[in-house]
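Everything below concerns the one structure shown next.
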Amino acid sequence: MEFMSPFAIVLRVVIQFTPVWMAMAVLLTISFLFKRRLGLYGFIIETGTGFAGVSILSFWLFTAIFAASVAPFDPLGQIVSMKDALPGAIEANSGLPYLLGGDKLARDVFSRMVFGSRIVLIIAPLATFLALSVGIMLGLPAGYFGKRIDAFLSFLANLILAFPIILLFYLLVSPGILETPIPYALAGFFFVFPILLLFTLFWSGYRAHPKQLALRLVLTLLAGGWLFATFVFDSDPFHILRVSPSTLNIFAAVALASGPGIFRIVRSLTLDIKTREYVQAAQTRGETPWFIMLWEILPNARGPLIVDACLRIGYTTILIGALGYFGLGMPPESPDWGTAIKESSRLMRAFVHPALPPALAMMSFVLGLNLLADALREQSLKD
Amino acid sequence: MLAFFLRRLGVMALTMLCLTFVVFYLVNLEPNLRKLAISQTEMHASDEHIESWLTRNGYRRPFLERYAAWIGVWPKKPNIDPETGKQVSRFTYCEEPSVVVYAGVIEGDFGCSTKFKTKVAEKLLPALCATGLLMFWVMATMVPVALFLGILSGMREGSKLDRALSVVSIVTTSTPEYVSGVVLTIIFGTWLGWLNGSAASATGDGITFYNFTLPVITPAIYGMGYIARMTRASMVEVMTAQYIRTARLKGLGFYAVVLKHALRNALIAPFTVIMLQFPWLLTGVVIVEVMFRYQGFGLALVEAAGNNDIDLMLSCSLVSVLLVLVTQLISDVGYAFLNPRIRVQ
């Protein structure tokens with residue numbers, strides 16, 4: 001078997017990412033040209049940490065988008081002669097190199113890492129968004145009304161927070177549980193919240209304008225109903241998306257694990273903001289409680305919430321990686337980083353190269369999110 | 001203070017009750033029971049076989065009765081073999097009482113582990129000791145280093161040292177255990193050969209620097225950044241306080257001010273953070289024990305969950321929930337003691 005030199009490997013890896021570099025260059029150039037008009041984003045990109053965070057995140061975002069042209073091989077394809085091949089080994093038939101070597105099932109480590117970014121970049125933000133809508137929908141009334149609602153919801157949140165996450169995952173993401181209706185019920189419960197959030201938002205805000213209200217409600221119902229059918233029942237009426245029950249289970253488990261944390265933040269922010277003058281003014285005007293919560297309190301709580309969401313996507317990524325590491329939820333051949341780390345860490349004494357790429361990818365992605373959150377926090381402290 | 005303490009204990013008991021109920025429900029789901037029955041009878045057991053095994057061993061009694069019996073507030077009936085009329089234990093490797101007794105977790109009977117083929121208590125106690133040892137060393141390395149880094153960077157906010165240390169702590173918080181474990185094992189285990197990438201020998205031969213360093217520093221690195229950042233924030237706040245300026249103006253040296261005036265007040269906030277690290281450390285310990293094959297609580301939990309070992313899993317969740325609740329209580333009470341401005345009502 002022929003091998004490339006280390007220098008040639010590095011050069012070739014950089015060349016493989018060409019579409020990503022080009023897209024990043026366009027994005028960052030535009031960002032810098034129009035930074036004065038871009039508000040918060042424009043300020044963040046000027047700071048060192050913010051720039052580093054945005055660069056890393058855009059790198060992975062574009063890698064996920066252009067995965068098909070960046071990766072030279074099929075992430076699941078096995079070429080038997082390349083089993084445990086060292087980095088830079090050239091595959092005889094196609095003449096293309098396994099840039100970062102092959103794993104024990106003779107798949108290209110580089111292509112798997114590139115395609116793994118897709119899975120992580122789709123599931124982590126979506127699951128966080130789901131948890132965010134649950135946390136907002138429950139945290140706002142808990143903080144605003146207080147009393148029994150607060151006591152009950154806070155007890156529930158503390159209950160889940162007292163549960164060790166790893167045990168929760170083992171109980172909820174085990175294969176046996178898919179035979180029972182529990183994951184579907186749980187996911188159904190969580191996926192109602194984004195729809196409920198938009199519905200209440202429009203209902204409370206546009207009551208004076210029936211036409212606009214009707215338009216928005218119909219759109220929410222159509223889009224929400226479609227996504228609900230796709231995700232919870234895996235029966236997309238248009239057959240565009242497919243969500244397997246085990247993926248759905250991951251969504252439900254992650255939302256359950258990080259929802260209470262967001263709930264607590266939203267609740268404490270609401271407790272703080274509801275004493276402000278503009279809330280009292282709205283109460284005097286006779287606005288409904290939900291209008292005050294969603295149109296007066298929520299927009300003013302956005303700063304800390306954005307920072308937290310950023311950190312939380314990173315945390316969710318780590319959780320999903322842990323799920324993969326324990327072999328829960330993801331199919332065993334899945335190229336996501338957690339599963340890849342698990343697969344390769346067993347053979348680490350013999351072959352090191354399959355373990356490093358997914359580990360470093362995971363680390364750099366979370367680092368990008370943390371850097372961005374840090375820059376956002378610094379910026380919000382300045383105001 | 002006493003009323004507060006008692007109310008907290010009441011909430012704790014209620015939380016435990018709710019959580020163990022949920023766990024009891026989840027581990028006793030029909031697919032799990034069937035799997036257990038299949039593993040305990042012959043491989044190709046028919047549905048009737050499975051059903052009769054489950055009935056004979058009491059898994060078909062009313063759910064609430066079984067839950068109450070597991071807690072120990074309802075008497076446990078012995079399993080009678082319908083053919084011989086004699087008492088038989090559920091599993092051959094665990095003796096069970098032949099008379100009607102209260103035998104639940106309150107009485108100290110945790111049941112029988114099907115994976116390790118022994119009583120749960122006999123498996124769990126050494127495992128807990130091993131994990132306690134691991135956690136102690138993790139804390140003993142993580143906390144001093146984190147506090148030191150936090151104080152050093154919070155001492156002079158915005159200095160070059162502060163920026164450099166902030167980058168270090170952001171990088172460590174972005175490195176979960178399964179990433180740093182892999183990277184460290186590759187560097188120190190495979191390439192340099194200084195440390196052992198497996199802690200399996202620690203159970204038999206005792207812990208050594210060679211086999212125990214990697215399992216300790218892997219979770220320590222991940223947790224360190226967070227504590228360091230909290231300490232830094234607290235330190236920055238304290239350093240801008242009036243009494244620090246007064247101390248500086250009366251002519252005290254910078255380091256004397258830091259050590260005598262700032263440090264004590266700056267360490268109150270991180271105390272809560274450190275206490276709340278314990279439950280979170282539990283997750284890290286599970287990953288680390290699996291990665292380095294260290295025979296502790298985490299590995300027992302994973303083996304129990306992976307092999308559908310119902311009694312062991314229930315006990316594991318009981319232990320971990322208890323750990324979470326106790327650390328929460330200690331952090332609240334300790335915070336009130338450390339900070340005289342907080343009065344518990």
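Quick note on naming: the chains in the structure tokens go A, B, ... in the order shown, residues restart at 1 in each chain, and ligands are numbered from 1 in order of appearance.
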Quick one: residues within 12 Å of segment 201-214 of chain B, only C-alpha atoms, excluding same-chain residues fewer than 2 positions away - as number ranges by chain? B: 126-127, 129-131, 133-135, 137-138, 141, 177-178, 180-189, 193-199, 216-221, 288-289, 291-296
Got time to write the residues from that selection, C-alpha atoms, as a PDB file, in the first residue's frame?
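Output saved as again_35.pdb:
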ATOM      1  CA  PRO B 126     -17.085  -2.161  47.499  1.00  0.00           C
ATOM      2  CA  ALA B 127     -18.028  -0.405  44.255  1.00  0.00           C
ATOM      3  CA  CYS B 129     -15.886   2.651  48.205  1.00  0.00           C
ATOM      4  CA  ALA B 130     -13.866   2.458  44.994  1.00  0.00           C
ATOM      5  CA  THR B 131     -15.821   5.335  43.466  1.00  0.00           C
ATOM      6  CA  LEU B 133     -11.763   6.967  46.424  1.00  0.00           C
ATOM      7  CA  LEU B 134     -11.809   8.093  42.799  1.00  0.00           C
ATOM      8  CA  MET B 135     -14.065  11.064  43.577  1.00  0.00           C
ATOM      9  CA  TRP B 137      -8.785  12.213  44.328  1.00  0.00           C
ATOM     10  CA  VAL B 138     -10.635  14.031  41.574  1.00  0.00           C
ATOM     11  CA  THR B 141      -6.727  17.677  42.391  1.00  0.00           C
ATOM     12  CA  GLU B 177     -14.414  13.389  29.658  1.00  0.00           C
ATOM     13  CA  TYR B 178     -14.726  11.059  26.718  1.00  0.00           C
ATOM     14  CA  SER B 180      -9.969  14.368  27.112  1.00  0.00           C
ATOM     15  CA  GLY B 181      -9.777  10.728  28.206  1.00  0.00           C
ATOM     16  CA  VAL B 182      -9.066   9.630  24.648  1.00  0.00           C
ATOM     17  CA  VAL B 183      -6.555  12.405  23.968  1.00  0.00           C
ATOM     18  CA  LEU B 184      -4.720  11.920  27.279  1.00  0.00           C
ATOM     19  CA  THR B 185      -4.567   8.157  26.871  1.00  0.00           C
ATOM     20  CA  ILE B 186      -3.108   8.573  23.405  1.00  0.00           C
ATOM     21  CA  ILE B 187      -0.481  11.050  24.595  1.00  0.00           C
ATOM     22  CA  PHE B 188       0.519   9.548  27.952  1.00  0.00           C
ATOM     23  CA  GLY B 189      -0.478   5.941  27.457  1.00  0.00           C
ATOM     24  CA  GLY B 193       3.992   5.123  27.877  1.00  0.00           C
ATOM     25  CA  TRP B 194       4.211   6.984  31.197  1.00  0.00           C
ATOM     26  CA  LEU B 195       0.717   6.133  32.401  1.00  0.00           C
ATOM     27  CA  ASN B 196      -1.591   3.162  32.104  1.00  0.00           C
ATOM     28  CA  GLY B 197      -4.644   3.624  29.887  1.00  0.00           C
ATOM     29  CA  SER B 198      -6.592   1.180  32.032  1.00  0.00           C
ATOM     30  CA  ALA B 199      -7.413   1.195  35.736  1.00  0.00           C
ATOM     31  CA  VAL B 216      -8.365  11.155  38.081  1.00  0.00           C
ATOM     32  CA  ILE B 217      -7.252  13.961  35.814  1.00  0.00           C
ATOM     33  CA  THR B 218      -9.762  13.239  33.041  1.00  0.00           C
ATOM     34  CA  PRO B 219     -12.883  14.378  34.958  1.00  0.00           C
ATOM     35  CA  ALA B 220     -10.810  16.926  36.904  1.00  0.00           C
ATOM     36  CA  ILE B 221      -9.926  18.783  33.697  1.00  0.00           C
ATOM     37  CA  VAL B 288     -14.346   7.547  33.247  1.00  0.00           C
ATOM     38  CA  GLU B 289     -14.977   4.201  34.937  1.00  0.00           C
ATOM     39  CA  MET B 291     -13.425   4.188  29.707  1.00  0.00           C
ATOM     40  CA  PHE B 292     -10.696   2.968  32.064  1.00  0.00           C
ATOM     41  CA  ARG B 293     -12.501  -0.203  33.236  1.00  0.00           C
ATOM     42  CA  TYR B 294     -12.342   0.832  36.899  1.00  0.00           C
ATOM     43  CA  GLN B 295     -14.562  -1.408  39.030  1.00  0.00           C
ATOM     44  CA  GLY B 296     -16.659   1.232  40.739  1.00  0.00           C
TER      45      GLY B 296
END
Need the shell around segment 69-75 of chain B: protein/DNA/RNA residues with any atom at most 12 Å away, counting only C-alpha atoms. Skip same-chain ones fewer than 6 positions apart. Format as a short mmCIF file (atom, residue, chain, number, x, y, z; two decimals) with N, CA and C atoms, in the first residue's frame?
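Writing done, so here's out_15.cif:
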data_model
loop_
_atom_site.label_atom_id
_atom_site.label_comp_id
_atom_site.auth_asym_id
_atom_site.auth_seq_id
_atom_site.Cartn_x
_atom_site.Cartn_y
_atom_site.Cartn_z
N MET B 16 -37.33 11.84 46.86
CA MET B 16 -36.85 10.46 46.75
C MET B 16 -37.99 9.52 46.37
N LEU B 17 -39.13 9.73 47.03
CA LEU B 17 -40.28 8.87 46.80
C LEU B 17 -40.72 8.96 45.34
N THR B 20 -37.90 7.45 42.96
CA THR B 20 -37.79 5.99 42.98
C THR B 20 -39.02 5.36 42.36
N PHE B 21 -40.18 6.04 42.51
CA PHE B 21 -41.39 5.52 41.89
C PHE B 21 -41.23 5.49 40.37
N PHE B 24 -38.74 2.85 39.45
CA PHE B 24 -39.34 1.53 39.65
C PHE B 24 -40.28 1.21 38.49
N TYR B 25 -41.04 2.23 38.07
CA TYR B 25 -41.95 2.02 36.95
C TYR B 25 -41.17 1.70 35.67
N GLY B 58 -43.50 -13.36 41.65
CA GLY B 58 -44.12 -12.18 42.23
C GLY B 58 -44.11 -10.95 41.36
N TYR B 59 -43.67 -11.09 40.09
CA TYR B 59 -43.64 -9.90 39.22
C TYR B 59 -45.03 -9.55 38.69
N ARG B 61 -47.71 -9.41 40.74
CA ARG B 61 -48.53 -8.82 41.80
C ARG B 61 -48.82 -7.37 41.46
N PRO B 62 -49.83 -6.76 42.09
CA PRO B 62 -50.16 -5.36 41.77
C PRO B 62 -48.92 -4.46 41.90
N PHE B 63 -48.82 -3.49 40.97
CA PHE B 63 -47.62 -2.66 40.88
C PHE B 63 -47.33 -1.92 42.18
N PRO B 97 -36.01 -14.91 52.22
CA PRO B 97 -36.72 -15.39 53.41
C PRO B 97 -37.91 -16.27 53.02
N VAL B 99 -40.51 -16.84 55.06
CA VAL B 99 -41.74 -16.40 55.75
C VAL B 99 -42.08 -15.00 55.28
N VAL B 100 -43.30 -14.55 55.64
CA VAL B 100 -43.72 -13.21 55.25
C VAL B 100 -43.01 -12.19 56.13
N VAL B 101 -42.16 -11.35 55.53
CA VAL B 101 -41.44 -10.34 56.32
C VAL B 101 -41.45 -9.01 55.58
N TYR B 102 -41.13 -7.96 56.31
CA TYR B 102 -40.84 -6.69 55.67
C TYR B 102 -39.38 -6.73 55.23
N ALA B 103 -39.14 -6.72 53.95
CA ALA B 103 -37.76 -6.79 53.49
C ALA B 103 -37.58 -5.85 52.30
N GLY B 104 -37.47 -4.56 52.59
CA GLY B 104 -37.25 -3.59 51.52
C GLY B 104 -36.00 -2.80 51.79
N VAL B 105 -35.81 -1.69 51.06
CA VAL B 105 -34.58 -0.92 51.23
C VAL B 105 -34.50 -0.29 52.61
N ILE B 106 -35.65 0.01 53.23
CA ILE B 106 -35.61 0.59 54.57
C ILE B 106 -35.00 -0.41 55.55
N GLU B 107 -35.32 -1.70 55.35
CA GLU B 107 -34.76 -2.74 56.22
C GLU B 107 -33.35 -3.13 55.80
N GLY B 108 -32.87 -2.56 54.71
CA GLY B 108 -31.51 -2.87 54.28
C GLY B 108 -31.42 -4.02 53.30
N ASP B 109 -32.56 -4.47 52.77
CA ASP B 109 -32.52 -5.54 51.79
C ASP B 109 -32.66 -4.92 50.40
N PHE B 110 -31.58 -4.91 49.64
CA PHE B 110 -31.61 -4.24 48.34
C PHE B 110 -31.91 -5.21 47.20
N GLY B 111 -32.07 -6.46 47.51
CA GLY B 111 -32.41 -7.41 46.47
C GLY B 111 -31.19 -8.13 45.91
N CYS B 112 -31.35 -8.66 44.71
CA CYS B 112 -30.37 -9.56 44.16
C CYS B 112 -29.94 -9.09 42.77
N ILE B 310 -32.49 -5.49 37.30
CA ILE B 310 -33.49 -4.57 37.86
C ILE B 310 -33.13 -4.12 39.28
N ASP B 311 -32.82 -5.05 40.16
CA ASP B 311 -32.59 -4.68 41.56
C ASP B 311 -31.36 -3.79 41.70
N LEU B 314 -32.14 -0.25 40.49
CA LEU B 314 -32.94 0.50 41.46
C LEU B 314 -32.03 1.03 42.57
N SER B 315 -31.14 0.19 43.07
CA SER B 315 -30.27 0.61 44.15
C SER B 315 -29.31 1.69 43.68
N LEU B 318 -31.12 4.87 43.58
CA LEU B 318 -31.35 5.33 44.95
C LEU B 318 -30.11 6.04 45.48
#
For the contact check between chain B and chain A, emit one row per residue of chain B within 7 Å, containing the shortest atom pair and the distance in Å rounded to one decimal, counting only C-alpha atoms, chain then rising number order, as CSV.
residue,atom,partner,partner_atom,distance
B:Thr15,CA,A:Leu159,CA,6.1
B:Leu26,CA,A:Leu171,CA,6.6
B:Pro31,CA,A:Gly176,CA,5.6
B:Asn32,CA,A:Gly176,CA,6.6
B:Ile170,CA,A:Asn370,CA,6.8
B:Val171,CA,A:Leu367,CA,6.2
B:Ser174,CA,A:Leu367,CA,5.0
B:Thr175,CA,A:Met363,CA,5.4
B:Pro176,CA,A:Ile318,CA,6.5
B:Val179,CA,A:Ala359,CA,5.0
B:Val182,CA,A:Ser345,CA,6.6
B:Val183,CA,A:Leu356,CA,6.8
B:Ile186,CA,A:Val352,CA,6.6
B:Thr190,CA,A:Arg349,CA,5.9
B:Thr283,CA,A:Ile166,CA,5.9
B:Ala305,CA,A:Tyr170,CA,6.3
B:Ser320,CA,A:Pro164,CA,6.6
B:Val321,CA,A:Phe163,CA,6.0
B:Val324,CA,A:Ala162,CA,5.7
B:Leu325,CA,A:Ala162,CA,6.6
Determine which residues of segment 87-316 of chain A receive a DSSP assignment of alpha helix (DSSP H), computed from the backbone, and state them as a ChimeraX atom specification. /A:109-145,147-161,165-172,182-205,210-233,245-273,277-285,289-291,298-300,302-316
Could you name the residues that touch Tyr144 of chain A at 10 Å or less, counting only C-alpha atoms, but leaving out those on the same chain fewer than 6 positions away, as a PDB file with N, CA and C atoms, in the first residue's frame?
ATOM      1  N   ASP A 150     -45.987  28.070  40.718  1.00  0.00           N
ATOM      2  CA  ASP A 150     -44.540  28.112  40.884  1.00  0.00           C
ATOM      3  C   ASP A 150     -44.059  26.944  41.736  1.00  0.00           C
ATOM      4  N   ARG A 267     -37.487  31.522  34.942  1.00  0.00           N
ATOM      5  CA  ARG A 267     -38.266  31.857  36.130  1.00  0.00           C
ATOM      6  C   ARG A 267     -37.600  32.988  36.915  1.00  0.00           C
ATOM      7  N   SER A 268     -36.286  32.866  37.139  1.00  0.00           N
ATOM      8  CA  SER A 268     -35.638  33.905  37.947  1.00  0.00           C
ATOM      9  C   SER A 268     -35.583  35.229  37.186  1.00  0.00           C
ATOM     10  N   LEU A 269     -35.421  35.181  35.857  1.00  0.00           N
ATOM     11  CA  LEU A 269     -35.438  36.412  35.079  1.00  0.00           C
ATOM     12  C   LEU A 269     -36.812  37.072  35.159  1.00  0.00           C
ATOM     13  N   THR A 270     -37.867  36.247  35.087  1.00  0.00           N
ATOM     14  CA  THR A 270     -39.226  36.780  35.171  1.00  0.00           C
ATOM     15  C   THR A 270     -39.470  37.427  36.523  1.00  0.00           C
ATOM     16  N   LEU A 271     -39.012  36.768  37.579  1.00  0.00           N
ATOM     17  CA  LEU A 271     -39.178  37.317  38.932  1.00  0.00           C
ATOM     18  C   LEU A 271     -38.533  38.696  39.019  1.00  0.00           C
ATOM     19  N   ASP A 272     -37.388  38.852  38.343  1.00  0.00           N
ATOM     20  CA  ASP A 272     -36.675  40.121  38.376  1.00  0.00           C
ATOM     21  C   ASP A 272     -37.416  41.174  37.557  1.00  0.00           C
ATOM     22  N   ILE A 273     -37.812  40.800  36.329  1.00  0.00           N
ATOM     23  CA  ILE A 273     -38.336  41.787  35.392  1.00  0.00           C
ATOM     24  C   ILE A 273     -39.761  42.211  35.742  1.00  0.00           C
ATOM     25  N   LYS A 274     -40.518  41.334  36.404  1.00  0.00           N
ATOM     26  CA  LYS A 274     -41.928  41.684  36.605  1.00  0.00           C
ATOM     27  C   LYS A 274     -42.113  42.854  37.581  1.00  0.00           C
ATOM     28  N   THR A 275     -41.054  43.262  38.262  1.00  0.00           N
ATOM     29  CA  THR A 275     -41.187  44.405  39.167  1.00  0.00           C
ATOM     30  C   THR A 275     -40.888  45.729  38.465  1.00  0.00           C
ATOM     31  N   PRO A 289     -52.321  38.701  31.122  1.00  0.00           N
ATOM     32  CA  PRO A 289     -51.048  38.182  31.664  1.00  0.00           C
ATOM     33  C   PRO A 289     -50.135  37.628  30.590  1.00  0.00           C
ATOM     34  N   TRP A 290     -50.687  36.893  29.618  1.00  0.00           N
ATOM     35  CA  TRP A 290     -49.823  36.278  28.612  1.00  0.00           C
ATOM     36  C   TRP A 290     -49.201  37.303  27.693  1.00  0.00           C
ATOM     37  N   ILE A 292     -48.310  40.300  28.691  1.00  0.00           N
ATOM     38  CA  ILE A 292     -47.208  40.871  29.476  1.00  0.00           C
ATOM     39  C   ILE A 292     -46.022  39.917  29.496  1.00  0.00           C
ATOM     40  N   MET A 293     -46.312  38.620  29.682  1.00  0.00           N
ATOM     41  CA  MET A 293     -45.218  37.650  29.760  1.00  0.00           C
ATOM     42  C   MET A 293     -44.455  37.558  28.449  1.00  0.00           C
ATOM     43  N   ILE A 297     -42.067  40.860  29.044  1.00  0.00           N
ATOM     44  CA  ILE A 297     -40.999  40.272  29.861  1.00  0.00           C
ATOM     45  C   ILE A 297     -39.997  39.515  28.998  1.00  0.00           C
TER      46      ILE A 297
END
Identify all residues of segment 75-271 of chain B in strand (DSSP E or B) (DSSP on the backbone) and supply them as a PDB file with N, CA and C atoms, in the first residue's frame.
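After the write, part13.pdb holds the following:
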ATOM      1  N   LYS B  76     -43.294  -8.682  52.288  1.00  0.00           N
ATOM      2  CA  LYS B  76     -42.937  -9.434  51.081  1.00  0.00           C
ATOM      3  C   LYS B  76     -43.343 -10.882  51.292  1.00  0.00           C
ATOM      4  N   ILE B  80     -43.690 -19.313  46.312  1.00  0.00           N
ATOM      5  CA  ILE B  80     -43.955 -20.742  46.534  1.00  0.00           C
ATOM      6  C   ILE B  80     -43.984 -21.460  45.189  1.00  0.00           C
ATOM      7  N   GLN B  87     -40.827 -23.099  49.463  1.00  0.00           N
ATOM      8  CA  GLN B  87     -40.350 -21.766  49.079  1.00  0.00           C
ATOM      9  C   GLN B  87     -39.126 -21.901  48.192  1.00  0.00           C
ATOM     10  N   VAL B 101     -42.161 -11.348  55.534  1.00  0.00           N
ATOM     11  CA  VAL B 101     -41.442 -10.342  56.323  1.00  0.00           C
ATOM     12  C   VAL B 101     -41.446  -9.008  55.582  1.00  0.00           C
ATOM     13  N   CYS B 112     -31.354  -8.656  44.710  1.00  0.00           N
ATOM     14  CA  CYS B 112     -30.370  -9.562  44.156  1.00  0.00           C
ATOM     15  C   CYS B 112     -29.941  -9.091  42.771  1.00  0.00           C
ATOM     16  N   SER B 113     -28.629  -9.073  42.549  1.00  0.00           N
ATOM     17  CA  SER B 113     -28.120  -8.658  41.250  1.00  0.00           C
ATOM     18  C   SER B 113     -28.020  -9.858  40.320  1.00  0.00           C
ATOM     19  N   THR B 118     -24.954 -12.017  42.834  1.00  0.00           N
ATOM     20  CA  THR B 118     -24.722 -11.881  44.267  1.00  0.00           C
ATOM     21  C   THR B 118     -25.753 -10.896  44.799  1.00  0.00           C
ATOM     22  N   LYS B 119     -25.767 -10.714  46.129  1.00  0.00           N
ATOM     23  CA  LYS B 119     -26.665  -9.714  46.713  1.00  0.00           C
ATOM     24  C   LYS B 119     -26.216  -8.324  46.271  1.00  0.00           C
TER      25      LYS B 119
END
Which of A:Ser235, A:Thr316, A:Ser133, A:Ser380 sits closest to Leu201 of chain A [using only C-alpha atoms]: A:Ser133
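Counting from atom CA of Phe238 of chain A, the distance to atom CA of Met330 of chain A is 24.9 Å.
Every protein, DNA or RNA residue with an atom at most 9 Å from Asn265 of chain B, where only C-alpha atoms count and chain neighbours fewer than 6 positions away do not, is listed here: Ser234, Met235, Val238 and Asn339 of chain B.
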With only C-alpha atoms as the counted atoms, please give the residues lying no more than 8 Å from segment 220-234 of chain A, apart from itself and same-chain residues fewer than 3 positions off, as a PyMOL selection string. chain A and resi 184+187-188+191-192+194-195+198-199+216-217+237+241-245+248
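Atom pair atom CA of Ile268 of chain B / atom CA of Tyr335 of chain B: separated by 7.2 Å.
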Residue among A:Val173, A:Leu219, A:Ile306, A:Leu197 lying closest to Asn249 of chain A, counting only C-alpha atoms: A:Val173
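Distance-wise, atom CA of Ala309 of chain A and atom CA of Gly205 of chain A end up 24.4 Å apart.
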